[in-house]
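Containing CSV, C-alpha atoms: run.csv.
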```
chain,number,residue,atom,x,y,z
S,28,MET,CA,-13.8,44.9,97.3
S,29,GLU,CA,-13.9,47.4,100.1
S,30,ASN,CA,-15.4,44.9,102.5
S,31,LYS,CA,-12.7,42.3,101.7
S,32,ASN,CA,-10.0,44.9,102.0
S,33,THR,CA,-11.3,46.0,105.4
S,34,GLU,CA,-11.2,42.4,106.6
S,35,PHE,CA,-7.7,42.0,105.3
S,36,LYS,CA,-6.4,45.1,107.1
S,37,SER,CA,-7.9,44.2,110.4
S,38,SER,CA,-6.2,40.8,110.4
S,39,LEU,CA,-2.6,42.2,110.3
S,40,SER,CA,-0.6,44.5,112.6
S,41,GLY,CA,1.9,47.0,111.3
S,42,VAL,CA,0.6,46.9,107.7
S,43,THR,CA,-0.8,50.1,106.1
S,44,VAL,CA,-3.3,49.7,103.2
S,45,HIS,CA,-4.8,52.9,101.7
S,46,PRO,CA,-8.7,52.7,101.6
S,47,ASN,CA,-8.6,53.1,97.8
S,48,ALA,CA,-6.1,50.2,97.3
S,49,PHE,CA,-7.2,46.6,96.8
S,50,VAL,CA,-5.4,43.7,98.4
S,51,ASP,CA,-6.7,40.2,97.7
S,52,PRO,CA,-7.4,38.3,101.0
S,53,SER,CA,-5.1,35.5,100.1
S,54,ALA,CA,-2.1,37.8,99.6
S,55,GLU,CA,0.6,37.7,102.4
S,56,LEU,CA,1.8,41.1,103.7
S,57,ASN,CA,4.5,41.2,106.4
S,58,ASP,CA,5.0,43.8,109.1
S,59,GLY,CA,5.7,47.3,108.0
S,60,VAL,CA,4.4,46.9,104.4
S,61,LEU,CA,2.8,50.0,102.9
S,62,ILE,CA,0.2,49.8,100.1
S,63,SER,CA,-0.5,53.2,98.6
S,64,GLN,CA,-3.6,54.6,96.9
S,65,GLY,CA,-4.9,52.8,93.9
S,66,ALA,CA,-2.4,49.9,94.2
S,67,ILE,CA,-3.6,46.3,93.4
S,68,ILE,CA,-2.2,43.3,95.1
S,69,GLY,CA,-3.4,40.0,93.7
S,70,PRO,CA,-3.7,36.5,95.2
S,71,ASN,CA,-0.5,34.4,95.7
S,72,VAL,CA,1.5,37.6,96.3
S,73,ILE,CA,4.0,37.6,99.2
S,74,ILE,CA,5.5,41.0,100.3
S,75,GLY,CA,8.3,41.1,102.8
S,76,GLU,CA,8.8,43.4,105.8
S,77,GLY,CA,9.1,47.2,105.2
S,78,THR,CA,8.4,47.1,101.5
S,79,GLU,CA,6.5,50.1,100.1
S,80,ILE,CA,4.1,49.7,97.1
S,81,GLY,CA,3.5,53.1,95.4
S,82,PRO,CA,0.3,54.5,94.0
S,83,ASN,CA,-1.4,52.5,91.1
S,84,ALA,CA,1.2,49.8,91.2
S,85,VAL,CA,0.0,46.3,90.3
S,86,ILE,CA,1.6,43.2,91.9
S,87,THR,CA,0.0,40.0,90.7
S,88,GLY,CA,0.7,36.4,89.8
S,89,ARG,CA,2.9,34.1,91.9
S,90,THR,CA,5.1,36.9,93.0
S,91,LYS,CA,7.4,37.0,96.1
S,92,ILE,CA,9.0,40.3,97.0
S,93,GLY,CA,11.5,40.5,99.8
S,94,SER,CA,12.1,43.1,102.5
S,95,ASN,CA,12.6,46.9,102.3
S,96,ASN,CA,11.9,47.3,98.6
S,97,LYS,CA,10.6,50.5,97.3
S,98,VAL,CA,8.1,50.3,94.4
S,99,PHE,CA,7.2,53.6,92.8
S,100,PRO,CA,4.0,54.6,91.1
S,101,ASN,CA,2.6,52.6,88.1
S,102,VAL,CA,5.0,49.7,88.4
S,103,PHE,CA,3.7,46.4,87.1
S,104,ILE,CA,5.2,43.1,88.5
S,105,GLY,CA,4.1,39.6,87.8
S,106,LEU,CA,1.9,40.0,84.8
S,107,ASP,CA,1.9,37.4,82.0
S,108,PRO,CA,5.0,37.2,79.8
S,109,GLN,CA,5.0,38.9,76.3
S,110,ASP,CA,5.7,35.5,74.8
S,111,LEU,CA,3.5,33.7,72.2
S,112,LYS,CA,4.6,30.4,73.7
S,113,TYR,CA,2.9,31.2,77.0
S,114,LYS,CA,0.0,28.9,77.7
S,115,GLY,CA,-1.1,30.1,81.2
S,116,ALA,CA,1.4,28.3,83.4
S,117,ALA,CA,1.6,29.4,87.0
S,118,THR,CA,5.1,30.7,86.8
S,119,GLU,CA,6.9,33.0,89.3
S,120,VAL,CA,8.6,36.3,89.9
S,121,ILE,CA,11.1,36.2,92.8
S,122,ILE,CA,12.5,39.5,94.1
S,123,GLY,CA,15.1,40.0,96.9
S,124,ASP,CA,15.6,42.8,99.3
S,125,ASN,CA,16.4,46.6,99.2
S,126,ASN,CA,15.6,47.1,95.6
S,127,THR,CA,14.2,50.3,94.1
S,128,PHE,CA,11.8,50.1,91.2
S,129,ARG,CA,11.2,53.6,89.7
S,130,GLU,CA,8.1,54.8,87.9
S,131,CYS,CA,6.5,52.5,85.2
S,132,VAL,CA,9.0,49.6,85.6
S,133,THR,CA,7.5,46.3,84.3
S,134,ILE,CA,8.7,42.8,85.3
S,135,ASN,CA,7.0,39.8,83.6
S,136,LYS,CA,6.8,36.3,85.0
S,137,ALA,CA,8.4,33.3,83.3
S,138,THR,CA,6.9,31.3,80.4
S,139,ASP,CA,6.8,27.6,81.2
S,140,GLU,CA,5.8,25.6,84.3
S,141,GLY,CA,8.4,25.6,87.0
S,142,GLU,CA,10.3,28.6,85.7
S,143,GLN,CA,11.0,31.9,87.3
S,144,THR,CA,12.0,35.5,86.6
S,145,VAL,CA,14.5,36.4,89.3
S,146,ILE,CA,15.7,39.8,90.6
S,147,GLY,CA,18.3,39.8,93.4
S,148,SER,CA,18.9,42.5,96.0
S,149,ASP,CA,20.2,46.1,96.2
S,150,ASN,CA,19.3,46.9,92.6
S,151,LEU,CA,18.1,50.1,91.1
S,152,LEU,CA,15.8,49.9,88.1
S,153,MET,CA,15.1,53.4,86.8
S,154,ALA,CA,11.9,54.6,85.2
S,155,TYR,CA,10.4,52.7,82.2
S,156,SER,CA,12.8,49.8,82.5
S,157,HIS,CA,11.3,46.4,81.3
S,158,ILE,CA,12.4,43.0,82.5
S,159,GLY,CA,11.2,40.2,80.2
S,160,HIS,CA,10.2,36.6,81.1
S,161,ASN,CA,12.8,34.2,82.5
S,162,CYS,CA,15.4,36.9,83.2
S,163,GLU,CA,17.9,36.6,86.0
S,164,LEU,CA,19.4,39.7,87.6
S,165,GLY,CA,21.9,39.5,90.4
S,166,ASN,CA,22.7,42.1,93.1
S,167,GLY,CA,23.8,45.7,93.1
S,168,ILE,CA,22.8,46.3,89.4
S,169,VAL,CA,21.9,49.7,88.0
S,170,LEU,CA,19.5,49.8,85.0
S,171,SER,CA,19.1,53.4,83.7
S,172,ASN,CA,15.9,54.8,82.3
S,173,SER,CA,14.2,52.9,79.5
S,174,VAL,CA,16.4,49.8,79.4
S,175,GLN,CA,14.4,47.1,77.6
S,176,VAL,CA,15.6,43.6,78.7
S,177,ALA,CA,14.2,40.8,76.5
S,178,GLY,CA,13.5,37.3,77.7
S,179,HIS,CA,16.1,34.9,79.1
S,180,VAL,CA,18.7,37.6,79.8
S,181,LYS,CA,21.2,37.1,82.6
S,182,VAL,CA,22.8,40.1,84.3
S,183,GLU,CA,25.5,39.5,86.9
S,184,ASP,CA,26.2,41.5,90.1
S,185,LYS,CA,27.2,45.1,90.0
S,186,ALA,CA,26.7,45.6,86.2
S,187,ILE,CA,25.8,49.2,85.2
S,188,ILE,CA,23.6,49.6,82.1
S,189,GLY,CA,23.1,53.0,80.5
S,190,GLY,CA,19.8,54.3,79.4
S,191,CYS,CA,17.6,54.0,76.3
S,192,LEU,CA,18.9,50.7,75.0
S,193,GLY,CA,17.7,47.2,74.3
S,194,ILE,CA,19.2,43.9,75.3
S,195,HIS,CA,18.6,41.0,73.0
S,196,GLN,CA,17.1,37.7,74.3
S,197,PHE,CA,19.5,35.2,75.8
S,198,VAL,CA,22.3,37.7,76.2
S,199,HIS,CA,24.6,37.3,79.3
S,200,ILE,CA,26.1,40.4,80.9
S,201,GLY,CA,29.0,39.8,83.2
S,202,TYR,CA,30.1,41.0,86.7
S,203,LEU,CA,31.0,44.7,86.9
S,204,ALA,CA,30.4,45.2,83.2
S,205,MET,CA,29.5,48.7,82.1
S,206,ILE,CA,27.3,49.4,79.0
S,207,GLY,CA,27.0,52.9,77.6
S,208,GLY,CA,23.6,54.5,76.8
S,209,MET,CA,21.9,53.7,73.5
S,210,THR,CA,24.2,50.7,72.9
S,211,ARG,CA,22.8,47.8,70.8
S,212,VAL,CA,23.4,44.9,73.1
S,213,ASP,CA,23.0,41.7,70.9
S,214,ARG,CA,26.0,39.8,72.2
S,215,ASP,CA,27.4,38.8,75.6
S,216,VAL,CA,29.3,41.4,77.5
S,217,PRO,CA,32.1,39.8,79.5
S,218,PRO,CA,32.8,40.7,83.2
S,219,PHE,CA,34.8,43.8,84.0
S,220,CYS,CA,34.4,45.1,80.4
S,221,LEU,CA,33.2,48.4,79.0
S,222,ALA,CA,30.9,48.2,76.0
S,223,GLU,CA,29.4,50.9,73.8
S,224,GLY,CA,28.1,51.7,70.3
S,225,HIS,CA,25.7,50.7,67.7
S,226,PRO,CA,26.3,47.9,67.1
S,227,GLY,CA,27.8,47.3,70.5
S,228,ARG,CA,31.5,46.8,70.8
S,229,LEU,CA,34.0,46.3,73.6
S,230,ARG,CA,36.1,49.3,74.5
S,231,GLY,CA,38.3,48.0,77.2
S,232,LEU,CA,38.2,47.2,80.9
S,233,ASN,CA,35.7,49.1,83.1
S,234,ARG,CA,38.5,50.6,85.1
S,235,ILE,CA,36.4,53.3,86.9
S,236,GLY,CA,33.9,50.7,87.9
S,237,ILE,CA,36.6,48.4,89.2
S,238,LYS,CA,38.1,51.2,91.3
S,239,ARG,CA,34.8,52.2,92.7
S,240,SER,CA,33.9,48.6,93.6
S,241,GLY,CA,36.7,48.3,96.2
S,242,LEU,CA,38.4,45.5,94.4
S,243,MET,CA,41.7,47.4,94.3
S,244,GLY,CA,42.1,46.7,98.0
S,245,ASN,CA,41.6,43.0,97.7
S,246,LYS,CA,44.8,41.0,97.9
S,247,ASN,CA,43.4,38.4,95.5
S,248,PHE,CA,42.8,41.0,92.8
S,249,ASP,CA,45.5,42.1,90.4
S,250,LEU,CA,44.5,44.7,87.8
S,251,LYS,CA,47.7,44.3,85.9
S,252,LEU,CA,47.1,40.6,85.5
S,253,LEU,CA,43.5,41.2,84.5
S,254,GLN,CA,44.6,43.7,81.9
S,255,ARG,CA,47.2,41.2,80.6
S,256,THR,CA,44.6,38.5,80.3
S,257,TRP,CA,42.2,40.9,78.6
S,258,ASN,CA,44.9,41.9,76.0
S,259,LEU,CA,45.7,38.3,75.3
S,260,LEU,CA,42.0,37.5,74.7
S,261,PHE,CA,40.9,40.5,72.8
S,262,LYS,CA,43.9,42.1,71.2
S,263,SER,CA,45.2,39.0,69.5
S,264,ASN,CA,44.8,38.3,65.8
S,265,ASP,CA,43.8,34.7,66.7
S,266,PRO,CA,40.3,33.4,67.0
S,267,ILE,CA,38.8,34.0,70.5
S,268,SER,CA,38.6,30.2,71.1
S,269,TYR,CA,42.4,29.9,70.5
S,270,SER,CA,43.2,32.9,72.6
S,271,LEU,CA,41.1,31.6,75.4
S,272,GLU,CA,43.0,28.3,75.4
S,273,LYS,CA,46.3,30.2,75.7
S,274,ALA,CA,44.9,32.5,78.5
S,275,MET,CA,43.7,29.6,80.6
S,276,LYS,CA,47.2,28.1,80.6
S,277,GLU,CA,48.6,31.3,82.2
S,278,GLU,CA,48.6,32.3,85.9
S,279,LEU,CA,45.2,33.6,86.7
S,280,ASP,CA,43.6,35.3,89.8
S,281,PHE,CA,39.9,35.2,90.6
S,282,SER,CA,39.1,38.1,88.2
S,283,SER,CA,41.0,36.7,85.2
S,284,SER,CA,39.5,33.2,85.9
S,285,LYS,CA,36.1,34.8,86.0
S,286,LEU,CA,36.7,36.4,82.7
S,287,CYS,CA,37.9,33.2,81.1
S,288,SER,CA,35.1,31.1,82.5
S,289,PHE,CA,32.6,33.6,81.1
S,290,LEU,CA,34.1,33.5,77.7
S,291,LYS,CA,34.3,29.7,77.7
S,292,GLU,CA,30.6,29.5,78.4
S,293,SER,CA,29.7,32.3,75.9
S,294,ILE,CA,31.5,30.7,72.9
S,295,SER,CA,30.2,27.3,73.7
S,296,LYS,CA,26.6,28.3,73.3
S,297,GLU,CA,24.6,28.2,70.0
S,298,ARG,CA,24.8,31.9,69.3
S,299,ARG,CA,27.4,34.5,68.2
S,300,GLY,CA,29.3,34.7,71.5
S,301,PRO,CA,30.8,37.8,73.1
S,302,MET,CA,30.9,41.3,71.7
S,303,PRO,CA,34.0,41.9,69.6
S,304,LEU,CA,36.5,44.7,70.2
S,305,VAL,CA,35.7,48.0,68.7
S,306,ASN,CA,38.5,47.9,66.1
S,307,LEU,CA,37.7,44.4,64.8
```

Using the file provided, produce a representation of the structure as structure tokens.
Amino acid sequence: MENKNTEFKSSLSGVTVHPNAFVDPSAELNDGVLISQGAIIGPNVIIGEGTEIGPNAVITGRTKIGSNNKVFPNVFIGLDPQDLKYKGAATEVIIGDNNTFRECVTINKATDEGEQTVIGSDNLLMAYSHIGHNCELGNGIVLSNSVQVAGHVKVEDKAIIGGCLGIHQFVHIGYLAMIGGMTRVDRDVPPFCLAEGHPGRLRGLNRIGIKRSGLMGNKNFDLKLLQRTWNLLFKSNDPISYSLEKAMKEELDFSSSKLCSFLKESISKERRGPMPLVNL
């Protein structure tokens, strides 16, 4: 291993590989990549410019990591999915730029041929978070410590997820949603919504998150209209499908349209749909 690693290092400029790390000769490391002590980089791995791989991290499988990511110690990316259906397919993990993966984060590759587990850019995954097979995370997301994400979960941009909780497989979490710590997340969480509890329930709009996002200064965003749409959808005594039909006939801006489109997709799927309101 040491001989192969020496040959690898000498073939690249601007890449730093610790003598006690192992990098497979077929891996592709771009300029400014740092591989720390004890790290293992397998074949078919591509790591973009300026990404730092911490001590004892393992990056393997068909994994592509973008630029300027920071991978802390004991992170495992690209290992086989924890799925009994997995039969050895050469699936992928695709990761964007400027992400931070804190200690002991695990990210599994997808299950079936041609599938991917995808992480966008500018995300923070705190210590002991797990991302299961076939998940899709957007951009600007925060996962707090010990968030366990089952397979086939989709998390949209700028969602904030509190610590020590589990997200059931196939759940969809919307744009700018906020989920409180230790919530049981077994249903979809619509965009702009605040969810909390065991079982998880919607508490209202994520007003603090909306204000911090900068949306309030967008001329195409109307918080009062979003609140009115939310009330029509969730505070009605009618079934959500009927309330949704009424809401979609009203005047909608981009945020209200996003909320309605999410709910239309959620209730059309073969599962229980979105979280209910806390007082239902």

Which residues come within 9 Å of Leu253 (chain S), counting only C-alpha atoms, excluding same-chain residues fewer than 2 positions away, as number ranges by chain?
-> S: 232, 248-251, 255-258, 279-280, 282-283, 286

Contacts of Gly167 (chain S) at 10 Å or less, counting all atoms listed in the file, minus same-chain residues fewer than 2 places along, as a list in words?
->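 Near Gly167 (chain S), the qualifying residues are Asn125, Asn126, Gly147, Ser148, Asp149, Asn150, Leu151, Leu164, Gly165, Val169, Glu183, Asp184, Lys185, Ala186, Ile187 and Leu203 of chain S.
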
For the residues in that selection, give me C-alpha atoms as a short mmCIF file (atom, residue, chain, number, x, y, z; two decimals), keeping the file's coordinate frame.
```cif
data_model
loop_
_atom_site.label_atom_id
_atom_site.label_comp_id
_atom_site.auth_asym_id
_atom_site.auth_seq_id
_atom_site.Cartn_x
_atom_site.Cartn_y
_atom_site.Cartn_z
CA ASN S 125 16.40 46.60 99.20
CA ASN S 126 15.60 47.10 95.60
CA GLY S 147 18.30 39.80 93.40
CA SER S 148 18.90 42.50 96.00
CA ASP S 149 20.20 46.10 96.20
CA ASN S 150 19.30 46.90 92.60
CA LEU S 151 18.10 50.10 91.10
CA LEU S 164 19.40 39.70 87.60
CA GLY S 165 21.90 39.50 90.40
CA VAL S 169 21.90 49.70 88.00
CA GLU S 183 25.50 39.50 86.90
CA ASP S 184 26.20 41.50 90.10
CA LYS S 185 27.20 45.10 90.00
CA ALA S 186 26.70 45.60 86.20
CA ILE S 187 25.80 49.20 85.20
CA LEU S 203 31.00 44.70 86.90
#
```

For CA of Gly300 (chain S) and CA of Ser171 (chain S), the interatomic separation in Å (one decimal) |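 One can read the CA of Gly300 (chain S) to CA of Ser171 (chain S) distance as 24.5 Å.
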
So what do you get for CA of Ile237 (chain S) versus CA of Ala274 (chain S), distance-wise?
->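 Distance between the two atoms: 20.9 Å.
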
Counting all atoms listed in the file, the residue of S:Ala204, S:Ala137, S:Cys191, S:Ile168 that sits nearest Tyr113 (chain S) =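 Under the stated criterion, the closest residue is S:Ala137.
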
Grab the CA of Ile158 (chain S) to CA of Thr144 (chain S) distance for me, in Å with one decimal place.
->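 Result for CA of Ile158 (chain S) versus CA of Thr144 (chain S): 8.6 Å, one decimal.
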
Name the residues in contact with Val212 (chain S) at a cut-off of 12 Å, using only C-alpha atoms, excluding same-chain residues fewer than 4 positions from it; report them as a ChimeraX atom specification.
-> /S:174-177,180,188-200,205-208,216-217,221-229,300-303

Kindly reconstruct region 230-245 of chain S with N, CA and C atoms and present the result as a PDB file, in the frame of the given file.
```
ATOM      1  N   ARG S 230      35.129  48.206  74.504  1.00  0.00           N
ATOM      2  CA  ARG S 230      36.100  49.300  74.500  1.00  0.00           C
ATOM      3  C   ARG S 230      37.268  49.150  75.366  1.00  0.00           C
ATOM      4  N   GLY S 231      37.201  48.203  76.261  1.00  0.00           N
ATOM      5  CA  GLY S 231      38.300  48.000  77.200  1.00  0.00           C
ATOM      6  C   GLY S 231      37.770  47.509  78.527  1.00  0.00           C
ATOM      7  N   LEU S 232      38.609  47.577  79.545  1.00  0.00           N
ATOM      8  CA  LEU S 232      38.200  47.200  80.900  1.00  0.00           C
ATOM      9  C   LEU S 232      37.407  48.402  81.516  1.00  0.00           C
ATOM     10  N   ASN S 233      36.475  48.083  82.378  1.00  0.00           N
ATOM     11  CA  ASN S 233      35.700  49.100  83.100  1.00  0.00           C
ATOM     12  C   ASN S 233      36.517  49.536  84.329  1.00  0.00           C
ATOM     13  N   ARG S 234      37.569  50.285  84.065  1.00  0.00           N
ATOM     14  CA  ARG S 234      38.500  50.600  85.100  1.00  0.00           C
ATOM     15  C   ARG S 234      37.881  51.505  86.222  1.00  0.00           C
ATOM     16  N   ILE S 235      37.036  52.443  85.847  1.00  0.00           N
ATOM     17  CA  ILE S 235      36.400  53.300  86.900  1.00  0.00           C
ATOM     18  C   ILE S 235      35.492  52.447  87.750  1.00  0.00           C
ATOM     19  N   GLY S 236      34.711  51.570  87.139  1.00  0.00           N
ATOM     20  CA  GLY S 236      33.900  50.700  87.900  1.00  0.00           C
ATOM     21  C   GLY S 236      34.642  49.776  88.844  1.00  0.00           C
ATOM     22  N   ILE S 237      35.770  49.264  88.351  1.00  0.00           N
ATOM     23  CA  ILE S 237      36.600  48.400  89.200  1.00  0.00           C
ATOM     24  C   ILE S 237      37.151  49.159  90.380  1.00  0.00           C
ATOM     25  N   LYS S 238      37.604  50.394  90.165  1.00  0.00           N
ATOM     26  CA  LYS S 238      38.100  51.200  91.300  1.00  0.00           C
ATOM     27  C   LYS S 238      37.044  51.519  92.299  1.00  0.00           C
ATOM     28  N   ARG S 239      35.861  51.852  91.816  1.00  0.00           N
ATOM     29  CA  ARG S 239      34.800  52.200  92.700  1.00  0.00           C
ATOM     30  C   ARG S 239      34.243  50.979  93.487  1.00  0.00           C
ATOM     31  N   SER S 240      34.462  49.794  92.960  1.00  0.00           N
ATOM     32  CA  SER S 240      33.900  48.600  93.600  1.00  0.00           C
ATOM     33  C   SER S 240      34.660  48.175  94.845  1.00  0.00           C
ATOM     34  N   GLY S 241      35.856  48.701  95.043  1.00  0.00           N
ATOM     35  CA  GLY S 241      36.700  48.300  96.200  1.00  0.00           C
ATOM     36  C   GLY S 241      37.573  47.125  95.923  1.00  0.00           C
ATOM     37  N   LEU S 242      37.565  46.601  94.711  1.00  0.00           N
ATOM     38  CA  LEU S 242      38.400  45.500  94.400  1.00  0.00           C
ATOM     39  C   LEU S 242      39.894  45.758  94.488  1.00  0.00           C
ATOM     40  N   MET S 243      40.262  47.023  94.280  1.00  0.00           N
ATOM     41  CA  MET S 243      41.700  47.400  94.300  1.00  0.00           C
ATOM     42  C   MET S 243      42.346  47.075  95.623  1.00  0.00           C
ATOM     43  N   GLY S 244      41.555  47.050  96.689  1.00  0.00           N
ATOM     44  CA  GLY S 244      42.100  46.700  98.000  1.00  0.00           C
ATOM     45  C   GLY S 244      42.092  45.270  98.350  1.00  0.00           C
ATOM     46  N   ASN S 245      41.628  44.441  97.422  1.00  0.00           N
ATOM     47  CA  ASN S 245      41.600  43.000  97.700  1.00  0.00           C
ATOM     48  C   ASN S 245      42.885  42.353  97.260  1.00  0.00           C
TER      49      ASN S 245
END
```
